[in-house]
Amino acid sequence: MLIATAGHVDHGKSALIKALTGVETDRLEEERRRGLSIELGFAYRDLEDGGTLGFVDVPGHERFIHNMLAGMPAIDLAMLVVAADDGPMPQTREHLAIIDLLGVQSLIAVINKIDAVDAEQLDTARLALLELLAERGHGDARLFEVSALRGDGIAALEVFLLEQARAHRARAADGGFRLAIDRSFVLGGTGLVVTGAVFDGEVSVGDQLVLLPSGRGARVRGIRAQQQPAQTGRAGQRCALNIAGAGIETATVSRGMWLVAPETAQVSEAIEVELNLLEGESKPLRHWAPVHLHLGSSSVTARVGLLSTNVLEPGGQALARLVPSEPVHAVWGDRFVLRDASAQRTIGGGRVLNPNAPRSTRRRLQRAERVTAYAAADPRDALRQLLEQSELGVDLNTFARGRNLKSAQANALFESLPMHKVDTGRGSVAIAPSRWESWRGAILEGLELAHEQHPDEVGLKADRVALLADIPQNGEGRAIVQTLIRGLQAEGRVVSKAGFMALPAHRPVLDQVDQRWWKRVESFYAPAELQPAAAGDIAKTLNVDGKALGKFLDRAAARGLLVRVSPNRYLHPQALAELALAAQTLAADSEGGAFDARSYKEHTGIGRNLAIQVLEYFDTAGLTRRLGDKRALTGDPAALFGLPESTRQSA
């Protein structure tokens, strides 16, 4: 169990922890000289059952609120300390607001220094504190009155805290491991050590973690959990991890960073949130206002993009997009605090709903509707709503990381909902069945209309098929269109020829002139001929005008009889399908799935120039993508060009 102090400077928070644990939490020379906490302090008390009670002592001075905020996340109970000779002060109120914004579930209040006042002063302080607690919705909070220096009331407070610790239920170690780093140092004979609160999951000695936002890998060499040597650390504990890895050193590790499990490793350039503006604010928060964002143990400047309004009034709540000045790590449900642009006062906070938001604040109202779906506490409800709303589906990997779901959890969730999955090459996109059927219907109706209006054309290319279904031709869109076409082909409702999609019954018609042309050139473009002569050479062989032949070959390509891969080179659709299949086979056999033009030339037996021309055509068609001097497969040969006759026969 983790307990954090809160309250105004010089109200005796550090002295109270010393009275409870015997530990002096002010470890810096300057802290002891000035008599006030500057950095976070930590103390632990062993329990009879073998457990450990952890205390986080936070600074109370307004200048060190940023340090206080770094120590508050992931605590179980807050102990609001008020000096009897002062009563509630400005940082008392600010710390209490922060406790609420961070969603701390349990709160007790402690009036300290009762030995320094008479009964009347104590009554005044007690009344003021009770009024403050009631005003903030904590009217039922337990109140203790103590003197940390003299020991009065400490025994009763100890009994209560120990009872709370015994009744405390350890947090479920669900999700991937995440630790928010609040300290890092080098220990002689051990190496680099980082400490922080574990938000989620579990870690063991020997595990590989990722340091964020840098992305460096780190191996766990040793663990201390709640100040005790351990083989594992888990959610709800403070842990010290001895880590090592390439580039992992004191200069590259600092407060505000995270150590996370590899499957949880993500950073965000924008996060969508549920935002609350404190009721006591003197002015509203306007769209795109500059703020200081405190998330985990980090502090960065950011802009607030309000989604459903231009102005958020004090005491109000709104959906917003936070755009930080540098990438941050977050998952659904993480709590955050906002301070004003000058970092002088706390103005609000809330919880993260979508950690993978777009940076752009355009189409704000539409985004607000989508963010409402992310707000659902049950990930199944959230995913179901997102599937219903999404125009291009839901990236399942991104959704799982955003909810910090382990693979087994994510797979069980995905299997529980009806959806069509599309492999984009970078992950899976899920489409709602209703939208999938709508796209299929639009494609079939569009092809029928195209055949009626242009009976002489063989069909439509994949990009025009995408237009029928109103699917953008980005990476995900192309994968969706190819999957739709592949499904329709498997059902026999669509055929692919030379990269054109058509209904099975459609037959393009050549006029008499072009029929004569075709009889003269057909022998040059046999289905099995992977390297036919160039158009210019064919014109010389037939002793015909080159321009006239070129115009016919273009018309033949438009009707699906041929495919124009370059200005002077045409192939039979079956030959192109064979070459596309060869690219797929070569990619599968190549290291990293990428191959160059030379290996493709050798694999197919065609000439160098034609190999380059064919590969450039495949780039344009979406079958391959150029990566320097190599190419990787990005499309499905069967969906784009159909299956070659040899493959159909063997199948």
# chains A, B, ... in the order shown; residues from 1 in each chain; ligands from 1
>>> select_by_dssp(residues="region 113-186 of chain A", states="strand (DSSP E or B)", output="PyMOL selection string")
chain A and resi 142-145+178-186
>>> residues_around(residues="Leu338 (chain A)", least_positions_apart="2", cutoff="12 Å", atoms="only C-alpha atoms", output="compact mmCIF listing (two decimals) with N, CA and C atoms, in the first residue's frame")
# COMPACT_ATOMS: atom_id res chain seq x y z
N ILE A 65 5.65 22.49 -6.58
CA ILE A 65 4.46 21.71 -6.91
C ILE A 65 4.78 20.66 -7.99
N HIS A 66 5.66 21.02 -8.94
CA HIS A 66 6.00 20.06 -10.00
C HIS A 66 6.63 18.81 -9.42
N LEU A 69 3.79 16.77 -7.79
CA LEU A 69 2.98 16.06 -8.77
C LEU A 69 3.66 14.78 -9.25
N GLU A 94 -4.73 23.64 -2.98
CA GLU A 94 -4.24 23.18 -4.28
C GLU A 94 -3.92 21.69 -4.24
N ALA A 97 -7.09 19.73 -4.41
CA ALA A 97 -7.61 19.71 -5.79
C ALA A 97 -6.84 18.70 -6.63
N ILE A 98 -5.53 18.64 -6.46
CA ILE A 98 -4.71 17.69 -7.21
C ILE A 98 -5.08 16.26 -6.85
N LEU A 101 -8.17 15.51 -8.77
CA LEU A 101 -7.93 15.41 -10.21
C LEU A 101 -7.23 14.11 -10.57
N LEU A 102 -6.39 13.61 -9.67
CA LEU A 102 -5.66 12.37 -9.93
C LEU A 102 -6.48 11.13 -9.58
N VAL A 273 -8.79 13.57 -24.24
CA VAL A 273 -9.01 13.46 -22.80
C VAL A 273 -10.40 13.96 -22.41
N LEU A 275 -11.62 16.49 -19.76
CA LEU A 275 -10.94 17.59 -19.05
C LEU A 275 -11.91 18.30 -18.12
N ASN A 276 -11.47 18.51 -16.87
CA ASN A 276 -12.23 19.28 -15.89
C ASN A 276 -11.47 20.55 -15.54
N LEU A 277 -12.14 21.70 -15.62
CA LEU A 277 -11.56 22.97 -15.20
C LEU A 277 -12.03 23.25 -13.78
N LEU A 278 -11.09 23.56 -12.88
CA LEU A 278 -11.44 23.76 -11.48
C LEU A 278 -12.46 24.88 -11.31
N LEU A 285 -11.21 28.64 -19.80
CA LEU A 285 -10.11 28.10 -20.60
C LEU A 285 -10.53 28.14 -22.06
N ALA A 289 -5.35 27.05 -25.70
CA ALA A 289 -4.62 27.73 -24.62
C ALA A 289 -3.35 26.96 -24.27
N PRO A 290 -2.25 27.67 -23.96
CA PRO A 290 -1.02 27.00 -23.52
C PRO A 290 -1.13 26.60 -22.05
N VAL A 291 -0.61 25.42 -21.72
CA VAL A 291 -0.66 24.91 -20.35
C VAL A 291 0.61 24.12 -20.06
N HIS A 292 0.76 23.74 -18.80
CA HIS A 292 1.76 22.75 -18.40
C HIS A 292 1.03 21.46 -18.09
N LEU A 293 1.44 20.38 -18.74
CA LEU A 293 0.81 19.07 -18.59
C LEU A 293 1.66 18.19 -17.68
N HIS A 294 1.05 17.68 -16.61
CA HIS A 294 1.71 16.74 -15.70
C HIS A 294 1.04 15.38 -15.87
N LEU A 295 1.81 14.41 -16.35
CA LEU A 295 1.30 13.08 -16.68
C LEU A 295 2.32 12.05 -16.22
N SER A 298 6.03 13.06 -15.47
CA SER A 298 6.57 14.02 -16.43
C SER A 298 5.86 15.36 -16.35
N SER A 299 6.53 16.38 -16.86
CA SER A 299 5.97 17.72 -16.95
C SER A 299 6.43 18.32 -18.28
N VAL A 300 5.47 18.64 -19.16
CA VAL A 300 5.78 19.24 -20.46
C VAL A 300 4.77 20.34 -20.74
N THR A 301 5.15 21.28 -21.59
CA THR A 301 4.19 22.28 -22.04
C THR A 301 3.29 21.64 -23.10
N ALA A 302 2.10 22.19 -23.25
CA ALA A 302 1.14 21.62 -24.19
C ALA A 302 0.12 22.68 -24.58
N ARG A 303 -0.66 22.35 -25.61
CA ARG A 303 -1.80 23.16 -26.03
C ARG A 303 -3.08 22.36 -25.81
N VAL A 304 -4.14 23.07 -25.45
CA VAL A 304 -5.44 22.43 -25.21
C VAL A 304 -6.35 22.71 -26.40
N LEU A 322 -5.05 17.20 -26.11
CA LEU A 322 -3.84 17.83 -25.60
C LEU A 322 -2.70 17.53 -26.56
N PRO A 324 1.15 17.95 -26.70
CA PRO A 324 2.34 18.31 -25.94
C PRO A 324 3.48 18.77 -26.84
N ARG A 335 -4.43 9.45 -15.32
CA ARG A 335 -4.85 10.76 -14.83
C ARG A 335 -3.76 11.79 -15.10
N PHE A 336 -4.19 13.03 -15.29
CA PHE A 336 -3.24 14.11 -15.54
C PHE A 336 -3.71 15.37 -14.84
N ASP A 340 -1.30 26.39 -15.25
CA ASP A 340 -1.38 27.48 -16.21
C ASP A 340 -0.05 27.66 -16.94
N ALA A 341 -0.05 28.55 -17.95
CA ALA A 341 1.13 28.71 -18.81
C ALA A 341 2.37 29.12 -18.04
N SER A 342 2.19 29.84 -16.94
CA SER A 342 3.33 30.28 -16.13
C SER A 342 3.69 29.27 -15.06
N ALA A 343 2.95 28.15 -15.00
CA ALA A 343 3.17 27.10 -14.00
C ALA A 343 3.05 27.63 -12.58
N GLN A 344 2.16 28.60 -12.37
CA GLN A 344 1.97 29.20 -11.06
C GLN A 344 0.81 28.58 -10.28
N ARG A 345 -0.18 28.00 -11.00
CA ARG A 345 -1.33 27.46 -10.29
C ARG A 345 -1.92 26.28 -11.06
N THR A 346 -2.54 25.39 -10.32
CA THR A 346 -3.25 24.26 -10.92
C THR A 346 -4.61 24.73 -11.40
N ILE A 347 -4.93 24.43 -12.67
CA ILE A 347 -6.19 24.91 -13.23
C ILE A 347 -7.18 23.78 -13.53
N GLY A 348 -6.71 22.56 -13.65
CA GLY A 348 -7.62 21.47 -13.97
C GLY A 348 -6.89 20.17 -14.20
N GLY A 349 -7.59 19.22 -14.77
CA GLY A 349 -7.02 17.91 -15.05
C GLY A 349 -8.10 16.97 -15.52
N GLY A 350 -7.79 15.69 -15.50
CA GLY A 350 -8.78 14.73 -15.97
C GLY A 350 -8.17 13.38 -16.24
N ARG A 351 -8.73 12.68 -17.22
CA ARG A 351 -8.25 11.33 -17.54
C ARG A 351 -8.09 11.16 -19.04
>>> closest_residue(among="A:Ala173, A:Val198, A:Leu643, A:Leu96", to="Lys406 (chain A)", atoms="only C-alpha atoms")
A:Ala173
>>> atom_distance(atom1="CA of Arg384 (chain A)", atom2="CA of Arg359 (chain A)")
24.2 Å
>>> residues_around(residues="region 442-447 of chain A", least_positions_apart="3", cutoff="12 Å", atoms="only C-alpha atoms", output="JSON, numbers by chain")
{"A": [435, 436, 437, 438, 439, 450, 451, 452, 453, 454, 455, 457, 458, 459, 460, 461, 462, 463, 464, 465, 466, 467, 468, 469, 470, 471, 481, 482, 484, 485, 487, 488, 489, 492, 493, 494, 495, 500, 501, 502, 503, 504, 505, 506]}
>>> write_last_selection(atoms="N, CA and C atoms", output="CSV table (one decimal), in the first residue's frame")
chain,number,residue,atom,x,y,z
A,435,ARG,N,-20.8,-2.2,-42.4
A,435,ARG,CA,-20.0,-1.3,-43.3
A,435,ARG,C,-19.4,-2.2,-44.4
A,436,TRP,N,-18.9,-3.4,-44.0
A,436,TRP,CA,-18.3,-4.3,-45.0
A,436,TRP,C,-19.3,-4.7,-46.1
A,437,GLU,N,-20.5,-5.0,-45.7
A,437,GLU,CA,-21.5,-5.4,-46.7
A,437,GLU,C,-21.9,-4.2,-47.5
A,438,SER,N,-21.9,-3.0,-46.9
A,438,SER,CA,-22.2,-1.8,-47.7
A,438,SER,C,-21.2,-1.6,-48.8
A,439,TRP,N,-19.9,-1.8,-48.4
A,439,TRP,CA,-18.8,-1.6,-49.4
A,439,TRP,C,-19.0,-2.6,-50.5
A,450,ALA,N,-20.8,0.6,-64.6
A,450,ALA,CA,-19.7,0.9,-65.4
A,450,ALA,C,-19.8,0.0,-66.7
A,451,HIS,N,-20.2,-1.2,-66.6
A,451,HIS,CA,-20.3,-2.1,-67.8
A,451,HIS,C,-21.4,-1.6,-68.7
A,452,GLU,N,-22.5,-1.1,-68.1
A,452,GLU,CA,-23.6,-0.6,-68.9
A,452,GLU,C,-23.2,0.7,-69.7
A,453,GLN,N,-22.4,1.6,-69.0
A,453,GLN,CA,-22.0,2.8,-69.6
A,453,GLN,C,-20.8,2.7,-70.6
A,454,HIS,N,-20.0,1.7,-70.3
A,454,HIS,CA,-18.8,1.5,-71.1
A,454,HIS,C,-18.6,0.0,-71.5
A,455,PRO,N,-19.5,-0.5,-72.3
A,455,PRO,CA,-19.4,-2.0,-72.7
A,455,PRO,C,-18.2,-2.4,-73.4
A,457,GLU,N,-15.1,-1.4,-72.5
A,457,GLU,CA,-14.0,-1.5,-71.5
A,457,GLU,C,-14.1,-2.7,-70.7
A,458,VAL,N,-12.9,-3.2,-70.3
A,458,VAL,CA,-12.8,-4.5,-69.6
A,458,VAL,C,-13.3,-4.4,-68.2
A,459,GLY,N,-13.2,-3.3,-67.6
A,459,GLY,CA,-13.6,-3.1,-66.2
A,459,GLY,C,-12.9,-1.9,-65.5
A,460,LEU,N,-12.8,-2.0,-64.2
A,460,LEU,CA,-12.2,-0.9,-63.5
A,460,LEU,C,-11.0,-1.3,-62.7
A,461,LYS,N,-10.0,-0.4,-62.6
A,461,LYS,CA,-8.8,-0.7,-61.8
A,461,LYS,C,-9.1,-0.5,-60.3
A,462,ALA,N,-8.2,-1.0,-59.5
A,462,ALA,CA,-8.5,-1.1,-58.1
A,462,ALA,C,-8.8,0.3,-57.5
A,463,ASP,N,-8.1,1.4,-58.0
A,463,ASP,CA,-8.3,2.7,-57.5
A,463,ASP,C,-9.7,3.2,-57.8
A,464,ARG,N,-10.2,2.8,-58.9
A,464,ARG,CA,-11.6,3.2,-59.3
A,464,ARG,C,-12.6,2.4,-58.5
A,465,VAL,N,-12.3,1.2,-58.2
A,465,VAL,CA,-13.1,0.3,-57.4
A,465,VAL,C,-13.2,1.0,-56.0
A,466,ALA,N,-12.1,1.5,-55.5
A,466,ALA,CA,-12.1,2.2,-54.2
A,466,ALA,C,-13.0,3.4,-54.2
A,467,LEU,N,-13.0,4.1,-55.3
A,467,LEU,CA,-13.9,5.3,-55.4
A,467,LEU,C,-15.4,4.8,-55.3
A,468,LEU,N,-15.7,3.7,-55.9
A,468,LEU,CA,-17.1,3.2,-55.8
A,468,LEU,C,-17.6,3.0,-54.3
A,469,ALA,N,-16.6,2.6,-53.5
A,469,ALA,CA,-17.0,2.3,-52.1
A,469,ALA,C,-16.6,3.5,-51.2
A,470,ASP,N,-16.1,4.6,-51.8
A,470,ASP,CA,-15.7,5.8,-51.1
A,470,ASP,C,-14.6,5.4,-50.0
A,471,ILE,N,-13.6,4.6,-50.5
A,471,ILE,CA,-12.5,4.2,-49.6
A,471,ILE,C,-11.2,5.0,-50.0
A,481,VAL,N,-9.5,-2.5,-49.8
A,481,VAL,CA,-10.0,-2.7,-51.2
A,481,VAL,C,-9.6,-4.1,-51.7
A,482,GLN,N,-8.3,-4.4,-51.5
A,482,GLN,CA,-7.8,-5.7,-52.0
A,482,GLN,C,-8.4,-6.9,-51.3
A,484,LEU,N,-11.5,-6.8,-50.0
A,484,LEU,CA,-12.9,-6.9,-50.5
A,484,LEU,C,-12.9,-7.6,-51.9
A,485,ILE,N,-12.0,-7.2,-52.7
A,485,ILE,CA,-11.9,-7.8,-54.1
A,485,ILE,C,-11.6,-9.3,-54.0
A,487,GLY,N,-12.3,-11.3,-51.6
A,487,GLY,CA,-13.5,-12.1,-51.1
A,487,GLY,C,-14.5,-12.2,-52.2
A,488,LEU,N,-14.7,-11.2,-53.0
A,488,LEU,CA,-15.7,-11.2,-54.1
A,488,LEU,C,-15.2,-12.2,-55.2
A,489,GLN,N,-13.9,-12.2,-55.4
A,489,GLN,CA,-13.3,-13.2,-56.4
A,489,GLN,C,-13.5,-14.6,-55.9
A,492,GLY,N,-16.8,-15.9,-56.7
A,492,GLY,CA,-17.1,-15.9,-58.1
A,492,GLY,C,-17.9,-14.7,-58.5
A,493,ARG,N,-18.0,-13.6,-57.7
A,493,ARG,CA,-18.8,-12.5,-58.1
A,493,ARG,C,-18.1,-11.4,-58.8
A,494,VAL,N,-16.7,-11.5,-58.8
A,494,VAL,CA,-15.9,-10.5,-59.5
A,494,VAL,C,-14.7,-11.3,-60.0
A,495,VAL,N,-14.3,-10.9,-61.2
A,495,VAL,CA,-13.1,-11.5,-61.8
A,495,VAL,C,-12.1,-10.4,-62.0
A,500,PHE,N,-7.7,-5.2,-64.0
A,500,PHE,CA,-9.1,-4.6,-64.1
A,500,PHE,C,-10.1,-5.6,-63.4
A,501,MET,N,-11.0,-5.0,-62.7
A,501,MET,CA,-12.1,-5.8,-62.0
A,501,MET,C,-13.3,-5.7,-62.8
A,502,ALA,N,-14.0,-6.8,-62.9
A,502,ALA,CA,-15.3,-6.9,-63.7
A,502,ALA,C,-16.2,-7.9,-63.2
A,503,LEU,N,-17.5,-7.8,-63.5
A,503,LEU,CA,-18.4,-8.9,-63.2
A,503,LEU,C,-18.1,-10.1,-64.2
A,504,PRO,N,-18.3,-11.3,-63.7
A,504,PRO,CA,-18.0,-12.5,-64.5
A,504,PRO,C,-18.6,-12.5,-65.9
A,505,ALA,N,-19.8,-12.0,-66.0
A,505,ALA,CA,-20.5,-12.2,-67.3
A,505,ALA,C,-20.1,-11.1,-68.3
A,506,HIS,N,-19.3,-10.1,-67.9
A,506,HIS,CA,-19.0,-9.0,-68.8
A,506,HIS,C,-18.0,-9.4,-69.8
>>> atom_distance(atom1="CA of Val23 (chain A)", atom2="CA of Leu259 (chain A)")
27.8 Å
>>> atom_distance(atom1="CA of Tyr570 (chain A)", atom2="CA of Tyr600 (chain A)")
18.4 Å
>>> residues_around(residues="region 111-125 of chain A", least_positions_apart="3", cutoff="6 Å", atoms="only C-alpha atoms", output="list in words")
Val81, Val82, Ala83, Ala84, Gly87, Ala128, Glu145, Val146 and Ser147 of chain A
>>> closest_residue(among="A:Lys421, A:Arg401, A:Arg631, A:Arg598", to="Glu263 (chain A)", atoms="only C-alpha atoms")
A:Arg401
>>> closest_atom_pairs(of="region 570-594 of chain A", to="region 601-621 of chain A", cutoff="9 Å", atoms="only C-alpha atoms", output="Markdown table")
| residue | atom | partner | partner_atom | distance |
| --- | --- | --- | --- | --- |
| A:Leu576 | CA | A:Val614 | CA | 8.4 |
| A:Leu579 | CA | A:Thr604 | CA | 7.2 |
| A:Ala580 | CA | A:Phe618 | CA | 7.8 |
| A:Ala582 | CA | A:Thr604 | CA | 6.9 |
| A:Ala583 | CA | A:Leu615 | CA | 8.7 |
| A:Leu586 | CA | A:His603 | CA | 7.4 |
>>> residues_around(residues="region 315-319 of chain A", least_positions_apart="6", cutoff="12 Å", atoms="only C-alpha atoms", output="ChimeraX atom specification")
/A:271-287,304-309,347-354,364-375
>>> residues_around(residues="Glu391 (chain A)", least_positions_apart="3", cutoff="10 Å", atoms="only C-alpha atoms", output="ChimeraX atom specification")
/A:386-388,394,431-432,435,470-472
>>> decode(residues="region 200-230 of chain A", atoms="N, CA and C atoms", output="tab-separated table (two decimals), in the first residue's frame")
chain	number	residue	atom	x	y	z
A	200	ASP	N	1.00	-0.40	-13.77
A	200	ASP	CA	0.32	-1.59	-14.28
A	200	ASP	C	1.30	-2.74	-14.41
A	201	GLY	N	0.74	-3.95	-14.40
A	201	GLY	CA	1.50	-5.13	-14.78
A	201	GLY	C	2.50	-5.60	-13.75
A	202	GLU	N	3.40	-6.43	-14.22
A	202	GLU	CA	4.38	-7.09	-13.37
A	202	GLU	C	5.70	-7.21	-14.12
A	203	VAL	N	6.81	-7.14	-13.38
A	203	VAL	CA	8.13	-7.26	-13.98
A	203	VAL	C	8.95	-8.24	-13.15
A	204	SER	N	9.83	-8.97	-13.81
A	204	SER	CA	10.70	-9.93	-13.13
A	204	SER	C	12.15	-9.67	-13.52
A	205	VAL	N	13.05	-10.12	-12.68
A	205	VAL	CA	14.48	-10.02	-12.99
A	205	VAL	C	14.74	-10.77	-14.30
A	206	GLY	N	15.47	-10.12	-15.20
A	206	GLY	CA	15.77	-10.71	-16.50
A	206	GLY	C	14.86	-10.23	-17.61
A	207	ASP	N	13.76	-9.57	-17.27
A	207	ASP	CA	12.83	-9.09	-18.30
A	207	ASP	C	13.46	-7.98	-19.13
A	208	GLN	N	13.02	-7.90	-20.37
A	208	GLN	CA	13.41	-6.81	-21.26
A	208	GLN	C	12.31	-5.75	-21.24
A	209	LEU	N	12.70	-4.50	-21.03
A	209	LEU	CA	11.76	-3.38	-21.01
A	209	LEU	C	12.19	-2.35	-22.05
A	210	VAL	N	11.35	-1.35	-22.23
A	210	VAL	CA	11.64	-0.26	-23.17
A	210	VAL	C	11.58	1.05	-22.41
A	211	LEU	N	12.61	1.88	-22.58
A	211	LEU	CA	12.64	3.21	-21.98
A	211	LEU	C	11.96	4.19	-22.93
A	212	LEU	N	10.97	4.89	-22.43
A	212	LEU	CA	10.24	5.86	-23.25
A	212	LEU	C	10.45	7.26	-22.71
A	213	PRO	N	10.54	8.27	-23.61
A	213	PRO	CA	10.19	8.18	-25.03
A	213	PRO	C	11.33	7.79	-25.98
A	214	SER	N	12.53	7.48	-25.47
A	214	SER	CA	13.66	7.24	-26.37
A	214	SER	C	13.52	5.94	-27.15
A	215	GLY	N	12.83	4.94	-26.59
A	215	GLY	CA	12.70	3.65	-27.25
A	215	GLY	C	13.87	2.71	-27.02
A	216	ARG	N	14.82	3.08	-26.16
A	216	ARG	CA	15.98	2.21	-25.90
A	216	ARG	C	15.55	0.98	-25.10
A	217	GLY	N	16.19	-0.15	-25.40
A	217	GLY	CA	15.91	-1.37	-24.67
A	217	GLY	C	16.68	-1.41	-23.36
A	218	ALA	N	16.08	-2.00	-22.33
A	218	ALA	CA	16.72	-2.10	-21.02
A	218	ALA	C	16.41	-3.46	-20.41
A	219	ARG	N	17.45	-4.10	-19.87
A	219	ARG	CA	17.27	-5.39	-19.19
A	219	ARG	C	17.26	-5.17	-17.69
A	220	VAL	N	16.33	-5.85	-17.01
A	220	VAL	CA	16.21	-5.72	-15.55
A	220	VAL	C	17.21	-6.67	-14.89
A	221	ARG	N	18.17	-6.09	-14.18
A	221	ARG	CA	19.20	-6.89	-13.52
A	221	ARG	C	18.86	-7.18	-12.07
A	222	GLY	N	18.07	-6.31	-11.46
A	222	GLY	CA	17.71	-6.49	-10.06
A	222	GLY	C	16.50	-5.65	-9.71
A	223	ILE	N	15.78	-6.07	-8.65
A	223	ILE	CA	14.55	-5.38	-8.24
A	223	ILE	C	14.52	-5.23	-6.72
A	224	ARG	N	14.11	-4.06	-6.27
A	224	ARG	CA	13.70	-3.86	-4.88
A	224	ARG	C	12.26	-3.35	-4.93
A	225	ALA	N	11.36	-4.08	-4.29
A	225	ALA	CA	9.95	-3.70	-4.26
A	225	ALA	C	9.58	-3.32	-2.84
A	226	GLN	N	9.05	-2.11	-2.67
A	226	GLN	CA	8.71	-1.60	-1.33
A	226	GLN	C	9.92	-1.71	-0.39
A	227	GLN	N	11.09	-1.38	-0.93
A	227	GLN	CA	12.36	-1.32	-0.19
A	227	GLN	C	12.93	-2.70	0.15
A	228	GLN	N	12.32	-3.78	-0.36
A	228	GLN	CA	12.80	-5.13	-0.07
A	228	GLN	C	13.34	-5.78	-1.34
A	229	PRO	N	14.46	-6.55	-1.25
A	229	PRO	CA	14.93	-7.29	-2.43
A	229	PRO	C	13.83	-8.23	-2.93
A	230	ALA	N	13.67	-8.30	-4.24
A	230	ALA	CA	12.58	-9.10	-4.79
A	230	ALA	C	12.95	-9.63	-6.16
